[in-house]
>>> print(open('structure.txt').read())   # compact mmCIF, C-alpha atoms
# COMPACT_ATOMS: atom_id res chain seq x y z
CA GLU N 9 171.24 110.17 87.26
CA ASP N 10 174.95 109.46 87.51
CA THR N 11 176.01 112.94 86.39
CA LYS N 12 174.49 116.04 87.95
CA VAL N 13 174.98 119.71 87.19
CA SER N 14 177.54 121.81 89.03
CA GLY N 15 176.67 121.86 92.71
CA PRO N 16 176.51 124.61 95.34
CA GLY N 17 179.83 123.50 96.81
CA PHE N 18 183.34 123.23 95.38
CA THR N 19 186.65 121.51 95.88
CA ARG N 20 190.03 123.02 95.12
CA VAL N 21 192.50 120.15 94.88
CA TYR N 22 196.26 120.62 95.10
CA SER N 23 199.26 118.68 93.83
CA GLU N 24 201.20 119.19 97.08
CA PHE N 25 200.50 119.00 100.79
CA ASN N 26 199.50 122.11 102.77
CA ASN N 27 197.40 123.43 99.86
CA ALA N 28 200.41 124.13 97.71
CA GLY N 29 201.58 123.40 94.18
CA TYR N 30 199.30 123.20 91.16
CA PHE N 31 195.57 123.32 91.83
CA TYR N 32 192.29 122.79 90.04
CA ASP N 33 188.77 123.88 91.02
CA PHE N 34 185.85 121.49 90.57
CA THR N 35 182.13 122.03 91.13
CA ASP N 36 180.78 118.93 89.41
CA TYR N 37 181.46 115.24 88.84
CA VAL N 38 184.76 114.04 87.38
CA PRO N 39 184.66 110.34 86.40
CA ASP N 40 188.24 110.41 85.10
CA LEU N 41 190.82 112.94 86.29
CA ARG N 42 193.04 112.13 83.33
CA THR N 43 190.73 114.47 81.42
CA TYR N 44 192.26 117.31 83.45
CA ASN N 45 195.79 115.90 83.68
CA PHE N 46 195.23 115.53 87.43
CA ASP N 47 195.13 111.74 87.82
CA ASN N 48 197.04 110.36 90.85
CA ILE N 49 198.20 113.86 91.78
CA ILE N 50 195.95 115.15 94.59
CA ARG N 51 197.62 115.56 97.99
CA SER N 52 195.43 118.19 99.68
CA ALA N 53 192.17 120.06 99.20
CA CYS N 54 190.03 122.98 100.35
CA GLN N 55 186.31 122.54 99.86
CA THR N 56 182.70 123.23 100.76
CA GLY N 57 180.15 120.42 100.76
CA ILE N 58 180.77 116.70 100.96
CA TRP N 59 183.13 115.20 98.39
CA PHE N 60 184.25 111.65 97.74
CA TYR N 61 187.67 110.90 96.24
CA TYR N 62 188.13 107.51 94.57
CA ASP N 63 191.31 105.64 93.71
CA GLN N 64 189.79 104.31 90.48
CA THR N 65 188.01 105.97 87.58
CA ASP N 66 184.20 106.04 87.40
CA TYR N 67 183.78 106.19 91.17
CA ASN N 68 185.25 102.76 91.98
CA GLN N 69 183.16 100.28 90.03
CA VAL N 70 185.23 97.66 91.88
CA ALA N 71 185.31 97.81 95.69
CA SER N 72 188.25 99.81 97.02
CA ALA N 73 189.08 102.54 99.53
CA VAL N 74 187.34 105.92 99.35
CA TYR N 75 188.59 109.18 100.84
CA TRP N 76 185.96 111.62 102.07
CA MET N 77 185.92 115.25 103.15
CA HIS N 78 182.99 117.38 104.23
CA GLY N 79 182.61 120.84 105.64
CA ILE N 80 182.36 124.56 105.04
CA GLU N 81 185.59 126.02 103.60
CA TYR N 82 187.35 123.05 105.16
CA CYS N 83 190.96 122.26 104.20
CA GLY N 84 193.29 119.36 104.84
CA ASP N 85 196.02 117.04 103.66
CA PHE N 86 195.24 113.57 102.40
CA PRO N 87 196.87 110.78 104.46
CA LEU N 88 200.11 109.48 102.96
CA GLU N 89 198.40 106.23 101.98
CA PHE N 90 195.80 108.15 99.96
CA ALA N 91 198.02 110.86 98.46
CA ASP N 92 198.66 110.67 94.72
CA VAL N 93 196.02 108.00 94.09
CA THR N 94 192.74 109.85 93.32
CA SER N 95 191.41 109.03 89.85
CA SER N 96 187.80 110.28 90.09
CA LEU N 97 185.76 112.50 92.39
CA ARG N 98 182.22 113.75 92.95
CA TYR N 99 180.18 115.68 95.45
CA GLY N 100 177.30 114.26 97.44
CA GLY N 101 173.90 115.79 98.03
CA SER N 102 171.88 118.43 96.27
CA PRO N 103 172.94 120.19 93.06
CA TYR N 104 170.77 123.16 94.06
CA SER N 105 171.31 124.06 97.73
CA LEU N 106 174.08 123.01 100.08
CA ASN N 107 171.89 121.85 102.97
CA GLU N 108 168.76 120.87 101.05
CA ASP N 109 166.84 117.89 102.43
CA SER N 110 167.75 115.05 100.10
CA PHE N 111 168.94 111.46 99.88
CA THR N 112 171.41 109.72 97.61
CA LEU N 113 171.39 105.95 97.27
CA TYR N 114 174.58 104.43 95.87
CA GLN N 115 174.88 101.19 93.97
CA GLY N 116 177.97 100.05 95.85
CA GLU N 117 179.07 100.18 99.44
CA LEU N 118 181.29 103.13 100.39
CA PHE N 119 179.36 105.49 98.06
CA THR N 120 180.64 103.87 94.88
CA GLY N 121 179.15 103.11 91.47
CA SER N 122 175.90 104.56 90.11
CA GLU N 123 173.56 106.64 92.25
CA PHE N 124 169.95 107.71 92.67
CA TRP N 125 169.43 111.22 94.09
CA SER N 126 166.13 112.77 95.13
CA ASN N 127 164.74 115.64 97.17
CA THR N 128 161.14 114.39 96.98
CA ASN N 129 159.15 111.28 97.82
CA SER N 130 160.13 108.43 95.51
CA ALA N 131 157.56 105.65 95.03
CA THR N 132 160.13 103.71 93.00
CA LEU N 133 163.89 103.96 92.64
CA ASP N 134 164.02 103.33 88.89
CA TYR N 135 167.39 101.92 87.83
CA LEU N 136 168.56 101.41 91.45
CA ASP N 137 165.54 99.34 92.48
CA LEU N 138 166.87 96.57 94.74
CA ASP N 139 170.39 97.73 93.96
CA GLY N 140 171.38 100.19 96.72
CA SER N 141 174.24 99.47 99.10
CA SER N 142 175.09 102.81 100.77
CA LEU N 143 173.24 106.00 101.63
CA LEU N 144 173.89 109.72 102.08
CA LEU N 145 171.43 112.20 103.59
CA THR N 146 171.76 115.99 103.56
CA GLY N 147 169.65 118.59 105.36
CA VAL N 148 167.72 118.24 108.58
CA SER N 149 164.76 116.04 107.62
CA ALA N 150 164.49 112.35 108.36
CA TRP N 151 163.66 109.96 105.49
CA THR N 152 161.83 106.66 105.63
CA PHE N 153 163.01 103.87 103.35
CA PHE N 154 160.89 100.87 102.37
CA THR N 155 161.65 97.38 101.08
CA GLY N 156 158.62 97.58 98.76
CA THR N 157 157.60 100.00 96.02
CA GLN N 158 154.88 102.57 96.73
CA TYR N 159 155.97 102.86 100.38
CA THR N 160 155.19 99.28 101.36
CA GLY N 161 157.10 96.50 103.09
CA VAL N 162 159.55 96.86 105.96
CA ALA N 163 160.34 100.48 106.80
CA VAL N 164 163.24 102.20 108.53
CA CYS N 165 163.37 105.88 109.51
CA VAL N 166 166.82 107.46 109.08
CA TYR N 167 168.04 110.80 110.46
CA PRO N 168 170.91 112.91 109.04
CA SER N 169 172.67 113.02 112.40
CA THR N 170 176.20 111.93 111.46
CA ASP N 171 177.72 115.42 111.38
CA HIS N 172 176.71 119.07 111.74
CA ASP N 173 179.28 121.36 110.11
CA VAL N 174 179.21 125.10 110.86
CA GLY N 175 181.11 127.63 108.76
CA GLN N 176 182.51 130.89 110.02
CA ASP N 177 179.74 132.72 108.17
CA GLY N 178 177.07 130.64 109.91
CA THR N 179 176.45 128.30 106.97
CA TYR N 180 175.32 124.80 108.00
CA LEU N 181 175.82 121.38 106.50
CA ASP N 182 173.97 118.44 108.07
CA LEU N 183 174.82 114.91 106.98
CA GLY N 184 173.77 111.31 107.44
CA ILE N 185 176.55 109.06 106.15
CA PHE N 186 175.92 105.31 105.96
CA ALA N 187 178.63 103.32 104.18
CA SER N 188 176.56 100.11 104.00
CA MET N 189 173.03 98.87 104.54
CA ALA N 190 174.29 97.10 107.65
CA ASP N 191 174.48 100.59 109.20
CA LEU N 192 170.71 100.80 108.72
CA GLY N 193 170.04 97.31 109.99
CA ILE N 194 168.44 96.16 106.72
CA PRO N 195 169.59 93.71 104.02
CA ASP N 196 171.79 94.90 101.18
CA ASN N 197 170.00 95.78 97.93
CA SER N 198 166.58 95.88 99.60
CA ILE N 199 165.41 99.52 99.34
CA ARG N 200 162.64 100.14 96.79
CA SER N 201 161.00 103.46 97.78
CA ALA N 202 161.51 106.46 100.08
CA VAL N 203 159.45 109.24 101.63
CA ARG N 204 160.51 112.40 103.42
CA GLY N 205 159.75 112.29 107.15
CA CYS N 206 159.81 109.62 109.84
CA TYR N 207 157.10 106.96 109.43
CA SER N 208 158.54 103.91 111.15
CA GLU N 209 159.07 102.79 114.72
CA LYS N 210 162.49 101.56 113.64
CA VAL N 211 164.72 104.64 113.84
CA VAL N 212 168.39 104.92 112.87
CA ARG N 213 170.62 107.88 113.69
CA GLY N 214 173.99 108.18 112.05
CA LYS N 215 177.22 108.12 114.03
CA PRO N 216 180.31 110.11 113.01
CA LEU N 217 182.73 108.19 110.82
CA ASP N 218 186.26 107.55 112.03
CA ALA N 219 188.17 110.64 110.95
CA VAL N 220 191.81 111.54 110.56
CA HIS N 221 190.84 115.10 111.44
CA ARG N 222 187.67 116.75 112.70
CA ALA N 223 186.79 120.39 113.41
CA ALA N 224 183.65 122.49 113.88
CA ASN N 225 183.56 123.28 110.15
CA GLY N 226 184.32 119.80 108.77
CA ALA N 227 186.04 116.43 108.88
CA MET N 228 188.00 114.05 106.68
CA GLY N 229 188.92 110.38 106.57
CA VAL N 230 189.18 107.07 104.69
CA ILE N 231 186.56 104.32 104.53
CA ARG N 232 187.20 100.77 103.38
>>> encode(input="structure.txt", output="structure tokens")
Amino acid sequence: EDTKVSGPGFTRVYSEFNNAGYFYDFTDYVPDLRTYNFDNIIRSACQTGIWFYYDQTDYNQVASAVYWMHGIEYCGDFPLEFADVTSSLRYGGSPYSLNEDSFTLYQGELFTGSEFWSNTNSATLDYLDLDGSSLLLTGVSAWTFFTGTQYTGVAVCVYPSTDHDVGQDGTYLDLGIFASMADLGIPDNSIRSAVRGCYSEKVVRGKPLDAVHRAANGAMGVIR
């Protein structure tokens, strides 16, 4: 569903650069930051998990830029072009365990719009059937995605090999970040079912996104 419970990660967002000024802690989805009087205010953040920051409410129902950060107790300043513009935010991945094997299919490219999250085999994708345009994987397991329901049709095996974040306490976060179906080599809006594991000769491994900063415990950047 579009709104999940509070997740295992968090983001502390600040009104000034260098993690200064007013701050607010979030552990769940915020479709409209005006609710917290924090719209168009965020300039920096410290967080655990992967979080997406959108310049429109409701997770950018219309295509636009998205700012992303992922890591373990990872902090950073937003680029000047993306400071003071965030109007909604949400985490990606499991609501139960930080590095749980799971996939999230998003309605729009760049992780925008509605989503379908699962940590189990999914013979159908319900309301996102033939309506997925970007993909996020967490954990270490590959997933196989099919163009037909009930695990039929063309299949592609996808590994969460985009990034491997390591916290100072030894906590891991493994991610596969695919901003469009072109990254998987399949048509847009074509996925209809998914199964955990690799069951296709066509294999895709994620490549790190272009980042404005990257460290052992995390990274951050803008995707358009």
>>> closest_residue(input="structure.txt", among="N:Ala187, N:Ala223, N:Ala71, N:Ala28", to="His172 (chain N)", atoms="all atoms listed in the file")
N:Ala223
>>> residues_around(input="structure.txt", residues="Gly226 (chain N)", least_positions_apart="4", cutoff="10 Å", atoms="all atoms listed in the file", output="list in words")
Gln55, Thr56, Gly57, Ile58, Met77, His78, Gly79, Ile80, Glu81, Tyr82, Cys83, Gly84, Asp171, His172, Asp173, Val174, Gly175, Leu181, His221 and Arg222 of chain N
>>> atom_distance(input="structure.txt", atom1="CA of Asp66 (chain N)", atom2="CA of Ser96 (chain N)")
6.2 Å
>>> atom_distance(input="structure.txt", atom1="CA of Val211 (chain N)", atom2="CA of Asp196 (chain N)")
17.5 Å
>>> residues_near_point(input="structure.txt", point="(182.3, 98.9, 100.3)", cutoff="12 Å", atoms="all atoms listed in the file", output="VMD selection string")
chain N and resid 62 67 to 74 114 to 121 140 to 143 186 to 191 196 230 to 232
>>> closest_residue(input="structure.txt", among="N:Asp63, N:Val203, N:Ala224, N:Gly161", to="Gly178 (chain N)", atoms="only C-alpha atoms")
N:Ala224
>>> axis_aligned_box(input="structure.txt", around="region 88-93 of chain N", padding_each_side="8 Å", output="JSON")
{"center_x": 198.0, "center_y": 108.5, "center_z": 98.5, "size_x": 20.3, "size_y": 20.6, "size_z": 24.9}
>>> atom_distance(input="structure.txt", atom1="CA of Ile49 (chain N)", atom2="CA of Leu88 (chain N)")
12.2 Å
>>> closest_residue(input="structure.txt", among="N:Thr160, N:Thr132, N:Ser110, N:Asn127", to="Val148 (chain N)", atoms="only C-alpha atoms")
N:Ser110
>>> residues_near_point(input="structure.txt", point="(160.1, 102.6, 114.8)", cutoff="12 Å", atoms="all atoms listed in the file", output="count of residues only")
15
>>> residues_around(input="structure.txt", residues="Asn129 (chain N)", least_positions_apart="3", cutoff="8 Å", atoms="all atoms listed in the file", output="short mmCIF file (atom, residue, chain, number, x, y, z; two decimals) with C-alpha atoms, keeping the file's coordinate frame")
data_model
loop_
_atom_site.label_atom_id
_atom_site.label_comp_id
_atom_site.auth_asym_id
_atom_site.auth_seq_id
_atom_site.Cartn_x
_atom_site.Cartn_y
_atom_site.Cartn_z
CA SER N 126 166.13 112.77 95.13
CA ALA N 202 161.51 106.46 100.08
CA VAL N 203 159.45 109.24 101.63
CA ARG N 204 160.51 112.40 103.42
#
>>> residues_around(input="structure.txt", residues="Phe31 (chain N)", least_positions_apart="4", cutoff="7 Å", atoms="only C-alpha atoms", output="ChimeraX atom specification")
/N:20-23
>>> residues_around(input="structure.txt", residues="Gly101 (chain N)", least_positions_apart="4", cutoff="9 Å", atoms="all atoms listed in the file", output="VMD selection string")
chain N and resid 15 57 to 58 105 to 112 125 to 126 144 to 147
>>> build_atoms(input="structure.txt", residues="region 140-161 of chain N", atoms="N, CA, C and O atoms", output="PDB file, in the frame of the given file")
ATOM      1  N   GLY N 140     170.728  99.159  95.930  1.00  0.00           N
ATOM      2  CA  GLY N 140     171.380 100.190  96.720  1.00  0.00           C
ATOM      3  C   GLY N 140     172.139  99.609  97.897  1.00  0.00           C
ATOM      4  O   GLY N 140     171.606  98.790  98.648  1.00  0.00           O
ATOM      5  N   SER N 141     173.391 100.053  98.067  1.00  0.00           N
ATOM      6  CA  SER N 141     174.240  99.470  99.100  1.00  0.00           C
ATOM      7  C   SER N 141     174.839 100.482 100.070  1.00  0.00           C
ATOM      8  O   SER N 141     175.482 100.095 101.049  1.00  0.00           O
ATOM      9  N   SER N 142     174.661 101.784  99.818  1.00  0.00           N
ATOM     10  CA  SER N 142     175.090 102.810 100.770  1.00  0.00           C
ATOM     11  C   SER N 142     174.210 104.030 100.588  1.00  0.00           C
ATOM     12  O   SER N 142     173.533 104.182  99.562  1.00  0.00           O
ATOM     13  N   LEU N 143     174.223 104.921 101.587  1.00  0.00           N
ATOM     14  CA  LEU N 143     173.240 106.000 101.630  1.00  0.00           C
ATOM     15  C   LEU N 143     173.859 107.274 102.197  1.00  0.00           C
ATOM     16  O   LEU N 143     174.611 107.235 103.178  1.00  0.00           O
ATOM     17  N   LEU N 144     173.503 108.402 101.581  1.00  0.00           N
ATOM     18  CA  LEU N 144     173.890 109.720 102.080  1.00  0.00           C
ATOM     19  C   LEU N 144     172.644 110.583 102.222  1.00  0.00           C
ATOM     20  O   LEU N 144     171.840 110.673 101.288  1.00  0.00           O
ATOM     21  N   LEU N 145     172.492 111.227 103.375  1.00  0.00           N
ATOM     22  CA  LEU N 145     171.430 112.200 103.590  1.00  0.00           C
ATOM     23  C   LEU N 145     172.046 113.575 103.785  1.00  0.00           C
ATOM     24  O   LEU N 145     173.109 113.708 104.407  1.00  0.00           O
ATOM     25  N   THR N 146     171.383 114.614 103.264  1.00  0.00           N
ATOM     26  CA  THR N 146     171.760 115.990 103.560  1.00  0.00           C
ATOM     27  C   THR N 146     170.526 116.725 104.068  1.00  0.00           C
ATOM     28  O   THR N 146     169.392 116.326 103.804  1.00  0.00           O
ATOM     29  N   GLY N 147     170.767 117.824 104.801  1.00  0.00           N
ATOM     30  CA  GLY N 147     169.650 118.590 105.360  1.00  0.00           C
ATOM     31  C   GLY N 147     169.298 118.122 106.752  1.00  0.00           C
ATOM     32  O   GLY N 147     170.051 117.400 107.407  1.00  0.00           O
ATOM     33  N   VAL N 148     168.113 118.529 107.204  1.00  0.00           N
ATOM     34  CA  VAL N 148     167.720 118.240 108.580  1.00  0.00           C
ATOM     35  C   VAL N 148     166.561 117.259 108.692  1.00  0.00           C
ATOM     36  O   VAL N 148     166.242 116.785 109.785  1.00  0.00           O
ATOM     37  N   SER N 149     165.928 116.918 107.591  1.00  0.00           N
ATOM     38  CA  SER N 149     164.760 116.040 107.620  1.00  0.00           C
ATOM     39  C   SER N 149     165.157 114.574 107.677  1.00  0.00           C
ATOM     40  O   SER N 149     166.126 114.143 107.045  1.00  0.00           O
ATOM     41  N   ALA N 150     164.371 113.800 108.423  1.00  0.00           N
ATOM     42  CA  ALA N 150     164.490 112.350 108.360  1.00  0.00           C
ATOM     43  C   ALA N 150     163.868 111.847 107.056  1.00  0.00           C
ATOM     44  O   ALA N 150     163.065 112.550 106.423  1.00  0.00           O
ATOM     45  N   TRP N 151     164.261 110.643 106.634  1.00  0.00           N
ATOM     46  CA  TRP N 151     163.660 109.960 105.490  1.00  0.00           C
ATOM     47  C   TRP N 151     163.312 108.543 105.910  1.00  0.00           C
ATOM     48  O   TRP N 151     164.030 107.933 106.715  1.00  0.00           O
ATOM     49  N   THR N 152     162.214 108.042 105.369  1.00  0.00           N
ATOM     50  CA  THR N 152     161.830 106.660 105.630  1.00  0.00           C
ATOM     51  C   THR N 152     161.996 105.849 104.359  1.00  0.00           C
ATOM     52  O   THR N 152     161.506 106.234 103.295  1.00  0.00           O
ATOM     53  N   PHE N 153     162.705 104.734 104.497  1.00  0.00           N
ATOM     54  CA  PHE N 153     163.010 103.870 103.350  1.00  0.00           C
ATOM     55  C   PHE N 153     162.257 102.551 103.504  1.00  0.00           C
ATOM     56  O   PHE N 153     162.137 102.007 104.608  1.00  0.00           O
ATOM     57  N   PHE N 154     161.751 102.046 102.373  1.00  0.00           N
ATOM     58  CA  PHE N 154     160.890 100.870 102.370  1.00  0.00           C
ATOM     59  C   PHE N 154     161.475  99.766 101.489  1.00  0.00           C
ATOM     60  O   PHE N 154     162.118 100.044 100.472  1.00  0.00           O
ATOM     61  N   THR N 155     161.185  98.534 101.871  1.00  0.00           N
ATOM     62  CA  THR N 155     161.650  97.380 101.080  1.00  0.00           C
ATOM     63  C   THR N 155     160.678  97.041  99.958  1.00  0.00           C
ATOM     64  O   THR N 155     160.941  96.113  99.189  1.00  0.00           O
ATOM     65  N   GLY N 156     159.564  97.760  99.849  1.00  0.00           N
ATOM     66  CA  GLY N 156     158.620  97.580  98.760  1.00  0.00           C
ATOM     67  C   GLY N 156     158.408  98.879  98.011  1.00  0.00           C
ATOM     68  O   GLY N 156     158.665  99.974  98.528  1.00  0.00           O
ATOM     69  N   THR N 157     157.951  98.794  96.758  1.00  0.00           N
ATOM     70  CA  THR N 157     157.600 100.000  96.020  1.00  0.00           C
ATOM     71  C   THR N 157     156.335 100.615  96.611  1.00  0.00           C
ATOM     72  O   THR N 157     155.620  99.982  97.392  1.00  0.00           O
ATOM     73  N   GLN N 158     156.092 101.875  96.278  1.00  0.00           N
ATOM     74  CA  GLN N 158     154.880 102.570  96.730  1.00  0.00           C
ATOM     75  C   GLN N 158     154.769 102.614  98.254  1.00  0.00           C
ATOM     76  O   GLN N 158     153.682 102.547  98.823  1.00  0.00           O
ATOM     77  N   TYR N 159     155.924 102.689  98.931  1.00  0.00           N
ATOM     78  CA  TYR N 159     155.970 102.860 100.380  1.00  0.00           C
ATOM     79  C   TYR N 159     155.350 101.686 101.137  1.00  0.00           C
ATOM     80  O   TYR N 159     154.587 101.866 102.080  1.00  0.00           O
ATOM     81  N   THR N 160     155.692 100.499 100.719  1.00  0.00           N
ATOM     82  CA  THR N 160     155.190  99.280 101.360  1.00  0.00           C
ATOM     83  C   THR N 160     156.375  98.446 101.863  1.00  0.00           C
ATOM     84  O   THR N 160     157.539  98.749 101.583  1.00  0.00           O
ATOM     85  N   GLY N 161     156.068  97.404 102.587  1.00  0.00           N
ATOM     86  CA  GLY N 161     157.100  96.500 103.090  1.00  0.00           C
ATOM     87  C   GLY N 161     157.690  96.991 104.398  1.00  0.00           C
ATOM     88  O   GLY N 161     157.117  97.831 105.104  1.00  0.00           O
TER      89      GLY N 161
END
